[in-house]
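As stored in final-v4.txt (compact mmCIF, C-alpha atoms):
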# COMPACT_ATOMS: atom_id res chain seq x y z
CA MET A 9 9.04 -3.42 -17.55
CA LYS A 10 6.83 -3.56 -14.47
CA LYS A 11 8.23 -4.95 -11.24
CA THR A 12 6.74 -5.40 -7.80
CA ILE A 13 8.47 -5.40 -4.43
CA THR A 14 7.13 -6.06 -0.96
CA LEU A 15 8.04 -3.51 1.69
CA LEU A 16 6.82 -3.54 5.31
CA GLY A 17 4.10 -5.94 4.24
CA PHE A 18 2.86 -3.77 1.35
CA SER A 19 3.25 -4.63 -2.33
CA LEU A 20 4.52 -1.68 -4.34
CA SER A 21 4.41 -1.58 -8.13
CA LEU A 22 7.27 0.16 -9.91
CA ALA A 23 6.04 0.84 -13.43
CA SER A 24 9.21 2.58 -14.60
CA ALA A 25 11.75 2.31 -11.80
CA TYR A 26 13.67 -0.45 -13.55
CA ALA A 27 12.83 0.24 -17.17
CA ALA A 28 15.00 -1.93 -19.42
CA ASP A 29 16.17 -3.66 -16.23
CA ALA A 30 18.47 -0.75 -15.35
CA TRP A 31 19.89 -0.89 -11.84
CA LEU A 32 22.66 0.72 -9.85
CA ARG A 33 25.40 -1.56 -8.56
CA GLY A 34 27.43 -0.59 -5.53
CA THR A 35 30.57 -2.46 -4.52
CA THR A 36 33.42 -1.97 -2.07
CA ALA A 37 37.09 -2.59 -2.66
CA LYS A 38 37.08 -5.28 0.05
CA ASP A 39 34.63 -7.20 2.23
CA PRO A 40 32.26 -4.43 3.42
CA LEU A 41 32.19 -5.90 6.94
CA ALA A 42 35.96 -5.93 7.39
CA TYR A 43 36.96 -2.28 7.75
CA THR A 44 38.86 -0.84 10.71
CA PRO A 45 38.52 2.63 12.29
CA GLY A 46 39.86 5.34 10.00
CA GLU A 47 40.53 2.93 7.11
CA GLU A 48 39.59 4.31 3.71
CA MET A 49 36.44 2.77 2.25
CA VAL A 50 36.21 2.80 -1.53
CA PHE A 51 32.75 2.43 -3.08
CA THR A 52 32.26 2.02 -6.82
CA LEU A 53 28.82 2.91 -8.23
CA THR A 54 28.01 1.58 -11.70
CA LEU A 55 24.86 1.86 -13.79
CA GLU A 56 24.00 -1.60 -15.08
CA ASP A 57 21.74 -2.50 -18.03
CA GLY A 58 20.88 1.12 -18.74
CA ALA A 59 22.19 4.03 -20.85
CA GLY A 60 24.03 6.64 -18.79
CA VAL A 61 24.40 9.25 -21.52
CA GLY A 62 23.16 12.62 -20.28
CA LYS A 63 22.68 11.35 -16.73
CA GLU A 64 24.58 11.53 -13.47
CA ILE A 65 24.97 9.34 -10.42
CA ALA A 66 24.28 11.51 -7.37
CA TRP A 67 25.24 10.12 -3.97
CA GLU A 68 24.93 10.95 -0.30
CA ARG A 69 27.05 9.55 2.51
CA THR A 70 25.71 9.32 6.06
CA GLY A 71 26.91 7.22 8.96
CA ASP A 72 26.97 6.41 12.64
CA ASP A 73 29.38 9.31 13.16
CA GLY A 74 26.73 11.85 12.13
CA LYS A 75 28.77 13.13 9.19
CA LYS A 76 27.22 13.82 5.78
CA GLU A 77 28.82 14.20 2.36
CA LYS A 78 27.39 14.53 -1.14
CA GLY A 79 28.76 14.21 -4.63
CA ARG A 80 28.02 13.18 -8.20
CA GLY A 81 29.61 12.02 -11.39
CA ALA A 82 28.72 11.05 -14.98
CA ALA A 83 26.62 7.90 -15.20
CA THR A 84 28.50 6.80 -18.33
CA GLY A 85 31.28 5.45 -16.15
CA PRO A 86 31.76 4.23 -12.59
CA VAL A 87 31.55 6.84 -9.84
CA VAL A 88 33.99 6.29 -6.98
CA VAL A 89 33.20 7.40 -3.43
CA LYS A 90 35.91 7.40 -0.78
CA THR A 91 35.13 7.79 2.90
CA SER A 92 35.90 6.35 6.33
CA LEU A 93 34.44 5.87 9.81
CA ASP A 94 36.32 6.37 13.06
CA ARG A 95 34.31 4.03 15.30
CA PRO A 96 32.46 0.69 15.31
CA GLY A 97 29.37 1.16 13.16
CA PHE A 98 28.26 1.57 9.56
CA VAL A 99 28.52 4.04 6.72
CA ARG A 100 25.52 4.37 4.41
CA ILE A 101 25.84 5.29 0.73
CA TYR A 102 22.61 6.23 -1.00
CA ALA A 103 22.79 6.99 -4.73
CA GLU A 104 20.44 7.66 -7.65
CA VAL A 105 20.70 8.06 -11.39
CA VAL A 106 19.50 11.61 -12.09
CA ALA A 107 19.50 14.30 -14.74
CA PRO A 108 22.35 16.80 -14.32
CA GLY A 109 21.59 19.20 -11.47
CA ALA A 110 18.62 17.20 -10.21
CA GLU A 111 18.24 16.61 -6.49
CA LEU A 112 18.14 13.17 -4.89
CA VAL A 113 14.57 11.99 -4.45
CA GLY A 114 15.60 9.33 -1.98
CA TYR A 115 14.40 5.87 -1.20
CA LYS A 116 14.64 6.83 2.50
CA GLY A 117 13.81 3.36 3.75
CA ARG A 118 10.08 3.31 3.14
CA ASN A 119 8.61 4.38 -0.22
CA VAL A 120 10.11 3.74 -3.63
CA PRO A 121 9.26 6.61 -6.00
CA LYS A 122 8.49 5.52 -9.55
CA GLY A 123 11.30 6.02 -11.99
CA ILE A 124 14.11 5.82 -9.43
CA VAL A 125 17.19 3.75 -10.23
CA PHE A 126 19.05 3.65 -6.93
CA PHE A 127 21.63 2.00 -4.72
CA ASP A 128 21.31 1.88 -0.95
CA GLY A 129 24.08 0.08 0.87
CA GLY A 130 27.16 0.52 2.96
CA ALA A 131 30.07 -0.90 4.89
CA GLY A 132 30.92 -1.52 8.52
CA VAL A 133 33.82 -0.85 10.88
CA ASN A 134 34.74 -3.30 13.66
CA VAL A 135 31.32 -4.87 13.19
CA ASP A 136 31.95 -7.57 15.82
CA ALA A 137 32.53 -4.87 18.47
CA ILE A 138 29.16 -3.14 18.03
CA ARG A 139 26.93 -3.20 21.11
CA GLN A 140 23.68 -1.46 22.02
CA GLY A 141 23.58 2.27 22.52
CA VAL A 142 21.78 2.16 25.89
CA PRO A 143 22.26 -0.48 28.63
CA ALA A 144 19.45 -2.91 29.50
CA PRO A 145 17.11 -1.92 32.35
CA LYS A 146 18.53 -3.12 35.68
CA ASP A 147 15.31 -4.94 36.54
CA PHE A 148 14.95 -6.54 33.08
CA ASP A 149 14.69 -10.14 34.34
CA ALA A 150 12.43 -9.20 37.26
CA PHE A 151 10.11 -7.40 34.84
CA TRP A 152 9.73 -10.49 32.69
CA ALA A 153 9.30 -12.80 35.67
CA LYS A 154 6.40 -10.59 36.74
CA HIS A 155 4.87 -10.66 33.26
CA LYS A 156 5.10 -14.42 33.05
CA ALA A 157 3.31 -14.58 36.41
CA ASN A 158 0.61 -12.25 35.06
CA LEU A 159 0.11 -14.57 32.11
CA ALA A 160 0.03 -17.68 34.30
CA ALA A 161 -2.76 -16.07 36.34
CA VAL A 162 -5.01 -16.25 33.26
CA PRO A 163 -5.99 -19.92 32.81
CA MET A 164 -5.60 -21.29 29.30
CA LYS A 165 -9.06 -22.78 29.14
CA ASP A 166 -12.12 -22.41 26.94
CA VAL A 167 -9.93 -22.06 23.86
CA LYS A 168 -12.10 -21.50 20.78
CA VAL A 169 -11.04 -23.73 17.88
CA VAL A 170 -13.00 -23.58 14.61
CA GLU A 171 -12.15 -25.77 11.62
CA LEU A 172 -12.03 -24.12 8.19
CA PRO A 173 -12.14 -25.68 4.73
CA CYS A 174 -8.71 -26.61 3.38
CA ALA A 175 -7.96 -28.03 -0.06
CA ASN A 176 -4.84 -29.79 1.21
CA ALA A 177 -5.69 -33.30 2.39
CA LYS A 178 -2.42 -33.46 4.34
CA VAL A 179 -3.51 -30.91 6.96
CA LYS A 180 -6.50 -29.59 8.82
CA LEU A 181 -6.91 -25.83 9.16
CA TYR A 182 -8.35 -24.03 12.19
CA THR A 183 -8.80 -20.59 13.68
CA VAL A 184 -7.90 -20.42 17.36
CA GLU A 185 -8.72 -17.86 20.05
CA ILE A 186 -6.87 -18.30 23.34
CA PRO A 187 -7.55 -16.40 26.59
CA CYS A 188 -4.56 -14.21 27.43
CA ALA A 189 -3.27 -11.53 29.77
CA GLY A 190 -3.34 -8.02 28.36
CA PRO A 191 -6.13 -6.32 26.44
CA ARG A 192 -6.95 -9.08 23.94
CA PRO A 193 -6.74 -12.85 23.41
CA ALA A 194 -4.14 -14.60 21.29
CA THR A 195 -5.58 -15.48 17.88
CA GLY A 196 -4.22 -17.18 14.81
CA TYR A 197 -4.46 -19.85 12.15
CA LEU A 198 -3.42 -23.37 13.05
CA THR A 199 -2.58 -26.20 10.67
CA VAL A 200 -2.26 -29.75 11.97
CA PRO A 201 -1.21 -32.82 9.94
CA THR A 202 -4.07 -35.21 9.27
CA ALA A 203 -1.89 -38.31 9.66
CA PRO A 204 -1.66 -39.53 13.26
CA GLY A 205 1.67 -39.01 14.94
CA LYS A 206 3.94 -36.60 16.78
CA TYR A 207 5.30 -33.59 14.91
CA PRO A 208 7.63 -30.60 15.19
CA ALA A 209 5.87 -27.30 15.88
CA ARG A 210 6.41 -23.89 14.33
CA ILE A 211 5.03 -20.47 15.31
CA GLY A 212 5.07 -17.68 12.74
CA PHE A 213 4.63 -13.92 12.87
CA HIS A 214 3.88 -11.23 10.28
CA GLY A 215 5.55 -7.94 9.35
CA TYR A 216 4.12 -4.60 10.41
CA GLY A 217 1.85 -4.02 7.41
CA SER A 218 0.98 -7.63 6.67
CA SER A 219 0.06 -8.17 10.33
CA TRP A 220 -3.22 -6.50 9.33
CA GLY A 221 -4.46 -7.59 5.91
CA LYS A 222 -2.72 -10.92 5.52
CA ALA A 223 -3.33 -12.06 9.08
CA ALA A 224 -6.89 -10.81 9.30
CA THR A 225 -8.78 -12.01 6.28
CA ALA A 226 -6.82 -14.81 4.66
CA ALA A 227 -5.76 -18.16 6.03
CA PRO A 228 -2.17 -19.28 5.51
CA GLU A 229 -1.49 -21.06 2.28
CA CYS A 230 -2.26 -24.43 3.80
CA VAL A 231 -2.37 -26.00 0.35
CA LYS A 232 1.44 -25.78 0.37
CA ASP A 233 1.85 -27.47 3.76
CA LYS A 234 3.64 -30.79 3.53
CA GLY A 235 1.82 -32.22 6.52
CA ASN A 236 5.03 -32.75 8.47
CA GLU A 237 4.65 -30.12 11.23
CA ILE A 238 2.14 -28.17 13.31
CA VAL A 239 2.06 -24.48 12.37
CA LEU A 240 0.48 -21.58 14.25
CA MET A 241 0.46 -18.23 12.42
CA LEU A 242 -0.22 -15.85 15.28
CA SER A 243 -1.88 -12.48 14.93
CA ALA A 244 0.14 -9.61 16.40
CA HIS A 245 -3.05 -7.85 17.47
CA GLY A 246 -5.41 -10.45 18.89
CA PHE A 247 -8.28 -9.53 16.61
CA GLU A 248 -11.02 -11.89 15.47
CA LEU A 249 -10.31 -13.75 12.26
CA ASN A 250 -12.33 -13.98 9.04
CA ARG A 251 -14.38 -10.87 9.73
CA ASP A 252 -15.45 -8.33 7.09
CA ALA A 253 -13.26 -5.40 6.05
CA ALA A 254 -15.31 -2.90 8.07
CA TYR A 255 -14.43 -4.77 11.29
CA TYR A 256 -10.71 -4.48 10.62
CA ARG A 257 -10.93 -0.81 9.66
CA GLU A 258 -12.62 -0.03 12.97
CA PHE A 259 -10.37 -2.36 14.96
CA ARG A 260 -7.26 -0.77 13.55
CA LYS A 261 -8.43 2.64 14.76
CA THR A 262 -8.57 1.28 18.32
CA THR A 263 -4.86 0.41 18.17
CA GLN A 264 -3.84 3.96 17.28
CA SER A 265 -2.72 6.34 20.01
CA ASN A 266 -2.19 10.10 20.01
CA GLY A 267 -2.11 10.15 16.23
CA HIS A 268 0.36 7.27 15.94
CA THR A 269 -0.15 3.83 14.43
CA HIS A 270 0.43 0.84 16.66
CA ALA A 271 3.65 0.80 18.70
CA PHE A 272 4.82 4.29 17.66
CA ASP A 273 3.34 6.52 20.38
CA PRO A 274 6.13 7.77 22.71
CA LYS A 275 3.63 8.64 25.45
CA GLN A 276 2.09 5.16 25.36
CA ASN A 277 5.57 3.63 25.23
CA SER A 278 6.81 5.63 28.23
CA ASP A 279 5.41 2.97 30.56
CA PRO A 280 6.31 -0.66 29.76
CA GLU A 281 2.89 -1.72 31.06
CA THR A 282 1.01 0.48 28.57
CA ALA A 283 3.34 0.08 25.58
CA TYR A 284 1.68 -1.67 22.65
CA PHE A 285 4.47 -4.24 22.72
CA CYS A 286 3.30 -5.36 26.18
CA GLY A 287 0.13 -7.01 24.86
CA MET A 288 2.00 -8.40 21.87
CA THR A 289 4.50 -10.19 24.11
CA TYR A 290 1.74 -11.71 26.22
CA ARG A 291 0.17 -13.08 23.03
CA VAL A 292 3.51 -14.46 21.83
CA MET A 293 4.03 -16.36 25.09
CA ARG A 294 0.43 -17.62 25.18
CA GLY A 295 0.59 -18.72 21.53
CA LEU A 296 3.67 -20.79 22.31
CA GLU A 297 2.02 -22.23 25.40
CA TYR A 298 -1.00 -23.31 23.36
CA LEU A 299 1.13 -24.78 20.57
CA LYS A 300 3.04 -26.88 23.11
CA SER A 301 -0.25 -28.13 24.57
CA ARG A 302 -1.31 -29.71 21.29
CA PRO A 303 -1.26 -33.52 21.60
CA GLU A 304 0.34 -33.74 18.14
CA TRP A 305 3.52 -31.93 19.24
CA ASN A 306 6.59 -34.13 19.56
CA GLY A 307 7.68 -32.30 22.72
CA LYS A 308 11.12 -31.30 21.45
CA ASP A 309 11.15 -29.28 18.19
CA LEU A 310 9.75 -25.75 18.44
CA LYS A 311 10.66 -23.11 15.86
CA ALA A 312 9.82 -19.37 15.71
CA PHE A 313 10.03 -17.53 12.40
CA GLY A 314 9.21 -14.19 10.79
CA GLY A 315 10.57 -11.05 9.17
CA SER A 316 10.66 -7.41 10.26
CA GLN A 317 8.04 -7.07 13.01
CA GLY A 318 7.70 -10.85 12.72
CA GLY A 319 11.42 -11.11 13.38
CA LEU A 320 11.01 -8.99 16.50
CA GLN A 321 8.26 -11.28 17.77
CA SER A 322 10.33 -14.36 16.98
CA ILE A 323 13.17 -12.96 19.08
CA TRP A 324 10.75 -12.42 21.96
CA ALA A 325 9.58 -16.01 21.54
CA ALA A 326 13.12 -17.40 21.70
CA ALA A 327 14.08 -15.25 24.70
CA LEU A 328 10.92 -15.73 26.75
CA ASP A 329 10.32 -19.46 26.20
CA PRO A 330 13.32 -21.74 26.83
CA GLN A 331 11.67 -24.55 24.86
CA VAL A 332 12.05 -22.71 21.55
CA THR A 333 14.78 -24.57 19.67
CA ALA A 334 15.18 -22.42 16.55
CA CYS A 335 14.66 -18.76 15.72
CA GLU A 336 14.69 -18.17 11.96
CA ILE A 337 14.31 -14.51 11.07
CA SER A 338 15.10 -11.83 8.52
CA ILE A 339 15.46 -8.03 8.73
CA PRO A 340 14.42 -8.01 12.44
CA TRP A 341 12.77 -4.77 13.55
CA CYS A 342 13.53 -2.55 16.56
CA CYS A 343 17.06 -3.76 17.30
CA ASP A 344 18.90 -1.12 19.34
CA ILE A 345 16.04 1.37 19.56
CA GLY A 346 18.20 3.44 21.88
CA GLY A 347 20.95 3.74 19.27
CA THR A 348 19.62 7.19 18.41
CA GLU A 349 20.79 8.31 21.86
CA VAL A 350 24.42 7.85 20.78
CA GLY A 351 23.95 9.30 17.31
CA ARG A 352 23.49 6.14 15.30
CA ASN A 353 22.06 6.46 11.82
CA ARG A 354 18.35 5.92 11.23
CA GLY A 355 15.93 6.29 8.36
CA THR A 356 12.67 8.19 8.62
CA TRP A 357 10.48 5.34 9.91
CA TYR A 358 11.43 4.23 13.39
CA VAL A 359 10.09 3.96 16.93
CA GLU A 360 11.23 6.91 19.04
CA TRP A 361 13.35 5.90 22.02
CA VAL A 362 11.97 6.08 25.53
CA PRO A 363 13.62 4.10 28.36
CA ALA A 364 10.65 1.75 28.83
CA LEU A 365 11.32 0.27 25.38
CA GLY A 366 14.50 -1.28 26.74
CA TYR A 367 12.39 -4.15 28.08
CA TYR A 368 11.33 -5.06 24.53
CA ASP A 369 14.49 -4.30 22.55
CA PRO A 370 16.03 -7.40 20.90
CA VAL A 371 19.53 -6.30 21.92
CA ASN A 372 18.53 -6.97 25.53
CA MET A 373 16.63 -10.15 24.66
CA ALA A 374 19.66 -11.62 22.90
CA ALA A 375 21.53 -12.80 26.00
CA ARG A 376 18.35 -14.47 27.28
CA ILE A 377 18.09 -16.77 24.26
CA PRO A 378 19.45 -20.11 25.51
CA LYS A 379 22.27 -22.02 23.84
CA SER A 380 19.75 -24.74 23.00
CA CYS A 381 18.17 -22.37 20.45
CA LYS A 382 19.85 -21.72 17.11
CA VAL A 383 19.38 -18.19 15.71
CA VAL A 384 19.50 -17.76 11.93
CA ILE A 385 19.21 -14.32 10.32
CA SER A 386 18.68 -15.08 6.65
CA ARG A 387 18.93 -11.48 5.47
CA ALA A 388 20.26 -8.25 6.93
CA GLY A 389 20.40 -5.35 4.49
CA LEU A 390 23.40 -3.04 4.38
CA GLY A 391 20.99 -0.41 3.03
CA ASP A 392 18.04 -1.21 5.30
CA TYR A 393 17.36 1.82 7.46
CA THR A 394 14.00 0.60 8.66
CA CYS A 395 16.02 -2.09 10.47
CA PRO A 396 19.48 -0.47 10.48
CA PRO A 397 22.55 -2.69 10.20
CA THR A 398 24.13 -1.28 13.37
CA GLY A 399 21.13 -2.42 15.41
CA ILE A 400 21.09 -5.88 13.88
CA ALA A 401 24.84 -6.18 14.49
CA ALA A 402 24.35 -5.21 18.15
CA PHE A 403 21.68 -7.89 18.53
CA PHE A 404 23.79 -10.51 16.76
CA ASN A 405 26.87 -9.72 18.85
CA ASN A 406 24.93 -10.02 22.12
CA LEU A 407 23.80 -13.55 21.29
CA THR A 408 25.43 -16.41 23.16
CA ALA A 409 23.33 -19.01 21.33
CA PRO A 410 24.53 -20.68 18.09
CA LYS A 411 24.05 -18.11 15.35
CA SER A 412 24.50 -17.18 11.71
CA ILE A 413 23.73 -14.13 9.60
CA VAL A 414 23.77 -13.18 5.92
CA TRP A 415 24.51 -9.53 5.11
CA VAL A 416 23.31 -8.37 1.68
CA GLN A 417 24.91 -5.41 -0.09
CA GLY A 418 22.42 -3.00 -1.63
CA SER A 419 19.47 -4.60 0.15
CA THR A 420 16.93 -2.27 1.69
CA HIS A 421 14.01 -3.38 3.81
CA GLY A 422 11.97 -4.68 0.91
CA TYR A 423 14.37 -4.78 -2.02
CA VAL A 424 17.29 -7.00 -2.98
CA PRO A 425 19.16 -5.89 -6.11
CA PRO A 426 20.00 -8.21 -8.99
CA LYS A 427 23.18 -10.21 -8.48
CA ALA A 428 23.36 -9.03 -4.89
CA GLU A 429 26.59 -9.72 -3.02
CA ARG A 430 26.03 -11.72 0.17
CA TYR A 431 28.35 -12.05 3.14
CA ALA A 432 27.74 -14.90 5.57
CA ARG A 433 28.92 -14.83 9.14
Show the structure stored in the file as structure tokens.
Amino acid sequence: MKKTITLLGFSLSLASAYAADAWLRGTTAKDPLAYTPGEEMVFTLTLEDGAGVGKEIAWERTGDDGKKEKGRGAATGPVVVKTSLDRPGFVRIYAEVVAPGAELVGYKGRNVPKGIVFFDGGAGVNVDAIRQGVPAPKDFDAFWAKHKANLAAVPMKDVKVVELPCANAKVKLYTVEIPCAGPRPATGYLTVPTAPGKYPARIGFHGYGSSWGKAATAAPECVKDKGNEIVLMLSAHGFELNRDAAYYREFRKTTQSNGHTHAFDPKQNSDPETAYFCGMTYRVMRGLEYLKSRPEWNGKDLKAFGGSQGGLQSIWAAALDPQVTACEISIPWCCDIGGTEVGRNRGTWYVEWVPALGYYDPVNMAARIPKSCKVVISRAGLGDYTCPPTGIAAFFNNLTAPKSIVWVQGSTHGYVPPKAERYAR
């Protein structure tokens, strides 16, 4: 059976990974978010909907304590893993169904090799006590006051608005290009209800990979719009919209630095003024400013939404604009970037910590989100090590605004297992 998942904005086809719908279930003996320091954690790994004869379940334990353990057992019956953690944080259990003696291939948070039946999940200790690894910069608020002043110095005039065809009679569809501080304008797709009136507004952001293809060449699915809100899908990069593929290939090269794709260059990130996130935040604030200027806005309801990198941008929106009333996100990226400095667990795909990134880290934005804004995290994966659970917990715990979160056992960045166990907080 062929299945497709979406990971970091890319669709990946797994021709044989879940043949005959086989999957690896991982469970804990109690609520995985309710462990205390030193308490024994008991994981049970079970091959579901697949024959385990002649196969083994190989597992690896890592965690925020830096310890590693490995083991294996026959896939014909459950494999039990017992471990513990002596501090607030998370344990990660990664497991695969393998032939006897075979090495783990490893999901590793980014690519899913064909033919892999795996579990990636974990459990947490004193989850409510987790805080960021590195304190916020002392001049955090002064830095953002300066940046808001920089943006205000660029008048929001001569906005380019071009109407596009839209099959949905309930809305009109436009491209917008808005002058902005930083290297590029704010650009995006705007849908506005055709019926006269005042409406709620919503600003949306894309994940890392989809912030290129999806945002560049295809308008949002306006045919699905109900015509009951104004929606601005903002580009992370400020590029022109509806250009040919060659334009985007060349444009993308301009965002790379010292051999790194956008936002990953430690040298560029060493100065908060040159970090790629600097221009992105200007565009987030200007996009919100433009959306609020629309005469159709009702003046009170303003929602930010997105996943992964889009979740990061939504957090910026909620922290930097007090008029944002809701922040609805999933698997938010870059929470607790400095967690590596205190030995917290990471996958293989993450932004390397430099102190200047503290100005952009969601853990430091959290306390600046006002109580008038509700924050909803619809999915946080206990096996997501692109957006590690310890970082998301640190962000969530720093919030003073109304909040909720759903933790999903066995969920990686782009995969949710069948019959996944969910834990709402």
Report as a PDB file with C-alpha atoms, keeping the file's coordinate frame all protein, DNA and RNA residues lying within 6 Å of Ala209 (chain A), evaluated on all atoms listed in the file, omitting residues in the same chain fewer than 3 positions from it.
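For reference, out-v4.pdb as written:
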ATOM      1  CA  GLU A 237       4.650 -30.120  11.230  1.00  0.00           C
ATOM      2  CA  ILE A 238       2.140 -28.170  13.310  1.00  0.00           C
ATOM      3  CA  VAL A 239       2.060 -24.480  12.370  1.00  0.00           C
ATOM      4  CA  LEU A 310       9.750 -25.750  18.440  1.00  0.00           C
TER       5      LEU A 310
END
- Message: Taking 2 positions as the minimum chain separation for residues in the same chain, which residues sit within 12 Å of Asp279 (chain A) when counting all atoms listed in the file? Answer as number ranges by chain.
- Response: A: 273-277, 281-286, 362-368
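The two atoms in question, CA of Ile138 (chain A) and CA of Asp72 (chain A), are spaced 11.2 Å apart.
Here CA of Pro145 (chain A) stands at a distance of 19.3 Å from CA of Ala325 (chain A).
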Nearby residues (all atoms listed in the file) at most 9 Å from Asn405 (chain A), same-chain spacing under 6 positions excluded, as a PDB file with C-alpha atoms, in the frame of the given file:
ATOM      1  CA  VAL A 135      31.320  -4.870  13.190  1.00  0.00           C
ATOM      2  CA  ASP A 136      31.950  -7.570  15.820  1.00  0.00           C
ATOM      3  CA  ALA A 137      32.530  -4.870  18.470  1.00  0.00           C
ATOM      4  CA  ILE A 138      29.160  -3.140  18.030  1.00  0.00           C
ATOM      5  CA  ARG A 139      26.930  -3.200  21.110  1.00  0.00           C
ATOM      6  CA  VAL A 371      19.530  -6.300  21.920  1.00  0.00           C
ATOM      7  CA  ALA A 374      19.660 -11.620  22.900  1.00  0.00           C
TER       8      ALA A 374
END
- Task: Pick out the residues sitting within 6 Å of region 178-195 of chain A, and hand them over as a VMD selection string; count all atoms listed in the file, and ignore anything fewer than 3 positions along from it in its own chain.
- Result: chain A and resid 159 164 167 to 172 198 to 202 235 242 to 243 246 287 291
Deliver the residues from the most recent selection as a file, using C-alpha atoms, as a PDB file, in the coordinates of the input.
ATOM      1  CA  LEU A 159       0.110 -14.570  32.110  1.00  0.00           C
ATOM      2  CA  MET A 164      -5.600 -21.290  29.300  1.00  0.00           C
ATOM      3  CA  VAL A 167      -9.930 -22.060  23.860  1.00  0.00           C
ATOM      4  CA  LYS A 168     -12.100 -21.500  20.780  1.00  0.00           C
ATOM      5  CA  VAL A 169     -11.040 -23.730  17.880  1.00  0.00           C
ATOM      6  CA  VAL A 170     -13.000 -23.580  14.610  1.00  0.00           C
ATOM      7  CA  GLU A 171     -12.150 -25.770  11.620  1.00  0.00           C
ATOM      8  CA  LEU A 172     -12.030 -24.120   8.190  1.00  0.00           C
ATOM      9  CA  LEU A 198      -3.420 -23.370  13.050  1.00  0.00           C
ATOM     10  CA  THR A 199      -2.580 -26.200  10.670  1.00  0.00           C
ATOM     11  CA  VAL A 200      -2.260 -29.750  11.970  1.00  0.00           C
ATOM     12  CA  PRO A 201      -1.210 -32.820   9.940  1.00  0.00           C
ATOM     13  CA  THR A 202      -4.070 -35.210   9.270  1.00  0.00           C
ATOM     14  CA  GLY A 235       1.820 -32.220   6.520  1.00  0.00           C
ATOM     15  CA  LEU A 242      -0.220 -15.850  15.280  1.00  0.00           C
ATOM     16  CA  SER A 243      -1.880 -12.480  14.930  1.00  0.00           C
ATOM     17  CA  GLY A 246      -5.410 -10.450  18.890  1.00  0.00           C
ATOM     18  CA  GLY A 287       0.130  -7.010  24.860  1.00  0.00           C
ATOM     19  CA  ARG A 291       0.170 -13.080  23.030  1.00  0.00           C
TER      20      ARG A 291
END
Edge lengths and centre in Å to one decimal, as lines of an AutoDock Vina configuration file, is what I'm after for the box along x, y and z that holds all listed atoms of region 82-96 of chain A once 4 Å is added on each side.
center_x = 31.5
center_y = 5.9
center_z = -1.5
size_x = 17.7
size_y = 18.4
size_z = 41.6
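Each of A:Arg95, A:His155, A:Lys146, A:Lys75 was compared to Met293 (chain A) using only C-alpha atoms, and A:His155 turns out to be the nearest.
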- Task: Calculate how many Å separate CA of Tyr290 (chain A) from CA of Arg257 (chain A), rounding to one decimal.
- Result: 23.5 Å
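Minimum atom-to-atom distance to Gly314 (chain A), evaluated using only C-alpha atoms, belongs to A:Val383 out of A:Leu55, A:Ala83, A:Leu328, A:Val383.
The residue that comes closest to Thr70 (chain A), out of A:Lys90, A:Lys156, A:Arg100, A:Arg352 and on the basis of only C-alpha atoms, is A:Arg100.
Among the candidates A:Asn134, A:Ser386, A:Thr91, A:Thr333, the one nearest to Ala409 (chain A) when counting all atoms listed in the file is A:Thr333.
Residues in contact with Ala131 (chain A) at 7 Å, where all atoms listed in the file are counted and same-chain residues fewer than 3 positions away are skipped, are listed as Pro40, Leu41, Phe98, Val99 and Arg100 of chain A.
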Restrict the selected residues to C-alpha atoms and save them as a PDB file, in the coordinates of the input.
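Contents of the output file again34.pdb:
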ATOM      1  CA  PRO A  40      32.260  -4.430   3.420  1.00  0.00           C
ATOM      2  CA  LEU A  41      32.190  -5.900   6.940  1.00  0.00           C
ATOM      3  CA  PHE A  98      28.260   1.570   9.560  1.00  0.00           C
ATOM      4  CA  VAL A  99      28.520   4.040   6.720  1.00  0.00           C
ATOM      5  CA  ARG A 100      25.520   4.370   4.410  1.00  0.00           C
TER       6      ARG A 100
END
